[in-house]
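S.K.: Structure below; questions to follow.
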Amino acid sequence: MTLLEAIILGIVQGLTEFLPISSSGHLVIGEFLLKVKFDDISFEVFLHFGTFFSVVVVFRRKIWLMAEAVWLKIRSVLTGESAKAGSEDLHLVGMIAVGSVPAGLAGLFLKSHVEASFSSALLVSIMMLFTGATLFVTRFFKGRRMRLRWGDALLVGLSQALAMLPGVSRSGLTISTAIFARVDRSRAAEFSFLLSLPAILGASLVELREVSGYANPGGDLAGYLVGAATAFGVGYLAVKFLLNVIRKGKFQYFAYYCFAVGLLFLIISR
């Protein structure tokens, strides 16, 4: 793998991990077009760590407030004092915990089936079209609720589990699900990105443990690091861009891109 190929795949990962156009589908397409095939998924792990830290940087203040709220709650339990602040942030932590359960269970029990699906170009194309249809339908829903309910978190979590399939956009499906539940669009996007953190970190750590015994980047280590750094920088810009698009009410416009790519890949992969 050349440095140019690592940069290209890093750009693809950074853009598509958070823009609602499916990172897994585009990585399959990118590897197909570049004729790059890895014996293990260690490079993808590096890319995912890059995008993980891009979300951390964008939402660093909110993450700090949630961590502070958890600490205040723990201290109040230990000391018997009442927590003075952070009830909304603590509620959000609970929502993230609930929403993370479906993807965690799917990763444990359906991992082999999900990995097998990555070899199907037809499935990637169909799921890209499904993602496009989901995004398009959001135009008919208006959300005003700022506070998520337990049921909302569970539904969004189920969507995140479904997004393990290649071609399904994690951000697209989770944000859309929250919008369908009448959650405010900006709040839906924030929850989707924060919910991605345990999912990305957990999946990356599991895969890293599995490949650590036999993954041998060797001379490709520079490419791995360049790819991760590229994914981080592009991912940061992609998150900021998508938040701005959602605030302007143009989220559904990504549907047309998914339709085009899904149909195009369906044609060229046959």
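Scheme for the structure tokens: letters A, B, ... for chains in order shown; per-chain residue numbers from 1; ligand numbers from 1 in order shown.
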Could the residues of range 187-252 of chain A that have an atom at most 9 Å from range 125-140 of chain A be listed as CSV, each with its closest atom pair and the distance in Å to one decimal, counting only C-alpha atoms and ordered by chain and ascending residue number?
M.R.:
```
residue,atom,partner,partner_atom,distance
A:Gly249,CA,A:Arg139,CA,8.5
A:Lys250,CA,A:Arg139,CA,8.5
A:Phe251,CA,A:Leu135,CA,7.2
A:Gln252,CA,A:Phe136,CA,4.9
```
S.K.: Those same residues - all heavy atoms - I'd like them written as a PDB file, in the first residue's frame.
M.R.:
```
ATOM      1  N   GLY A 249     -31.399  22.457   7.832  1.00  0.00           N
ATOM      2  CA  GLY A 249     -32.513  21.653   7.368  1.00  0.00           C
ATOM      3  C   GLY A 249     -32.308  20.996   6.017  1.00  0.00           C
ATOM      4  O   GLY A 249     -33.277  20.765   5.278  1.00  0.00           O
ATOM      5  N   LYS A 250     -31.060  20.670   5.675  1.00  0.00           N
ATOM      6  CA  LYS A 250     -30.759  20.084   4.364  1.00  0.00           C
ATOM      7  C   LYS A 250     -30.231  18.656   4.463  1.00  0.00           C
ATOM      8  O   LYS A 250     -29.574  18.169   3.543  1.00  0.00           O
ATOM      9  CB  LYS A 250     -29.751  20.967   3.625  1.00  0.00           C
ATOM     10  CG  LYS A 250     -30.260  22.387   3.369  1.00  0.00           C
ATOM     11  CD  LYS A 250     -29.225  23.231   2.657  1.00  0.00           C
ATOM     12  CE  LYS A 250     -29.751  24.646   2.392  1.00  0.00           C
ATOM     13  NZ  LYS A 250     -28.751  25.485   1.695  1.00  0.00           N
ATOM     14  N   PHE A 251     -30.531  17.988   5.552  1.00  0.00           N
ATOM     15  CA  PHE A 251     -30.014  16.642   5.796  1.00  0.00           C
ATOM     16  C   PHE A 251     -30.410  15.668   4.687  1.00  0.00           C
ATOM     17  O   PHE A 251     -29.625  14.811   4.274  1.00  0.00           O
ATOM     18  CB  PHE A 251     -30.540  16.155   7.153  1.00  0.00           C
ATOM     19  CG  PHE A 251     -30.028  14.810   7.584  1.00  0.00           C
ATOM     20  CD1 PHE A 251     -28.680  14.578   7.764  1.00  0.00           C
ATOM     21  CD2 PHE A 251     -30.912  13.770   7.824  1.00  0.00           C
ATOM     22  CE1 PHE A 251     -28.207  13.350   8.179  1.00  0.00           C
ATOM     23  CE2 PHE A 251     -30.453  12.526   8.241  1.00  0.00           C
ATOM     24  CZ  PHE A 251     -29.095  12.324   8.417  1.00  0.00           C
ATOM     25  N   GLN A 252     -31.638  15.801   4.183  1.00  0.00           N
ATOM     26  CA  GLN A 252     -32.148  14.844   3.200  1.00  0.00           C
ATOM     27  C   GLN A 252     -31.438  14.937   1.854  1.00  0.00           C
ATOM     28  O   GLN A 252     -31.568  14.034   1.016  1.00  0.00           O
ATOM     29  CB  GLN A 252     -33.655  15.033   2.996  1.00  0.00           C
ATOM     30  CG  GLN A 252     -34.057  16.312   2.295  1.00  0.00           C
ATOM     31  CD  GLN A 252     -34.190  17.483   3.257  1.00  0.00           C
ATOM     32  OE1 GLN A 252     -33.820  17.387   4.424  1.00  0.00           O
ATOM     33  NE2 GLN A 252     -34.735  18.591   2.768  1.00  0.00           N
TER      34      GLN A 252
END
```
S.K.: Give me the residues near Met66 in chain A as a short mmCIF file (atom, residue, chain, number, x, y, z; two decimals) with C-alpha atoms, in the first residue's frame, where near means some atom within 12 Å (using only C-alpha atoms) and where sequence neighbours in that chain fewer than 5 positions away do not count.
M.R.:
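Output below, filename selection_17.cif:
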```cif
data_model
loop_
_atom_site.label_atom_id
_atom_site.label_comp_id
_atom_site.auth_asym_id
_atom_site.auth_seq_id
_atom_site.Cartn_x
_atom_site.Cartn_y
_atom_site.Cartn_z
CA PHE A 59 -17.58 17.36 21.33
CA ARG A 60 -14.85 17.73 23.96
CA ARG A 61 -16.87 20.22 26.04
CA TRP A 71 -18.29 11.99 38.88
CA LEU A 72 -20.72 14.20 40.81
CA LYS A 73 -23.23 11.34 40.90
CA ALA A 85 -25.40 19.89 38.77
CA GLY A 86 -25.30 17.91 35.58
CA SER A 87 -28.71 16.18 35.67
CA GLU A 88 -29.25 16.65 31.90
CA ASP A 89 -25.72 15.51 31.12
CA LEU A 90 -26.17 12.50 33.39
CA HIS A 91 -29.42 11.70 31.59
CA LEU A 92 -27.52 11.81 28.28
CA VAL A 93 -24.95 9.37 29.64
CA GLY A 94 -27.80 6.99 30.47
CA MET A 95 -29.24 7.38 26.97
CA ILE A 96 -25.86 6.56 25.44
CA LEU A 194 -21.77 10.77 20.96
#
```
S.K.: Could you list, as number ranges by chain, every residue within 7 Å of Tyr236 in chain A, counting only C-alpha atoms and ignoring same-chain residues fewer than 6 positions away?
M.R.: A: 54-55, 58
S.K.: Using only C-alpha atoms, which residue out of A:Val156, A:Ala121, A:Ala229, A:Val12 lies closest to Phe49 in chain A?
M.R.: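 Nearest candidate to Phe49 in chain A out of A:Val156, A:Ala121, A:Ala229, A:Val12: A:Ala229.
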S.K.: Within 9 Å of range 23-27 of chain A, counting only C-alpha atoms, which residues qualify if same-chain residues fewer than 2 places away don't, as a list of chain:residue names?
M.R.: A:Leu9, A:Val12, A:Gln13, A:Gly14, A:Leu15, A:Thr16, A:Glu17, A:Phe18, A:Leu19, A:Pro20, A:Ile21, A:Ile29, A:Gly30, A:Glu31, A:Phe32, A:Glu44, A:Phe118, A:Ala121, A:Val124, A:Ser125, A:Met127, A:Met128, A:Met164, A:Leu165, A:Pro166, A:Gly167, A:Val168, A:Ser169, A:Arg170
S.K.: Can you pull out every residue within 12 Å of Ala181 in chain A, counting only C-alpha atoms, but drop anything in the same chain fewer than 5 positions away, and send it as a list in words?
M.R.: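 After dropping sequence-adjacent residues, the list is Thr138, Phe141, Lys142, Gly143, Arg144, Arg145, Met146, Arg147, Leu148, Arg149, Trp150, Gly151, Asp152, Ala153, Leu154, Leu155, Val156, Thr174, Ile175, Ser176, Arg187 and Ala188 of chain A.
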S.K.: Of the candidates A:Ile8, A:Phe43, A:Ala178, A:Gly172, which one gets nearest to Asp220 in chain A if we count only C-alpha atoms?
M.R.: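 Closest to Asp220 in chain A, using only C-alpha atoms: A:Phe43.
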S.K.: Record the distance separating CA of Ser120 in chain A and CA of Leu162 in chain A, expressed in Å with one decimal.
M.R.: 16.2 Å
S.K.: Name the residues of range 32-270 of chain A that fall into alpha helix (DSSP H) according to DSSP on the backbone, using the chain letters and numbers of this document, as number ranges by chain.
M.R.: A: 32-34, 42-58, 60-79, 87-109, 111-117, 121-137, 150-162, 170-180, 185-211, 221-247, 254-268
S.K.: By how many Å are CA of Ser204 in chain A and CA of His48 in chain A apart?
M.R.: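 Value for the CA of Ser204 in chain A-CA of His48 in chain A distance: 6.7 Å.
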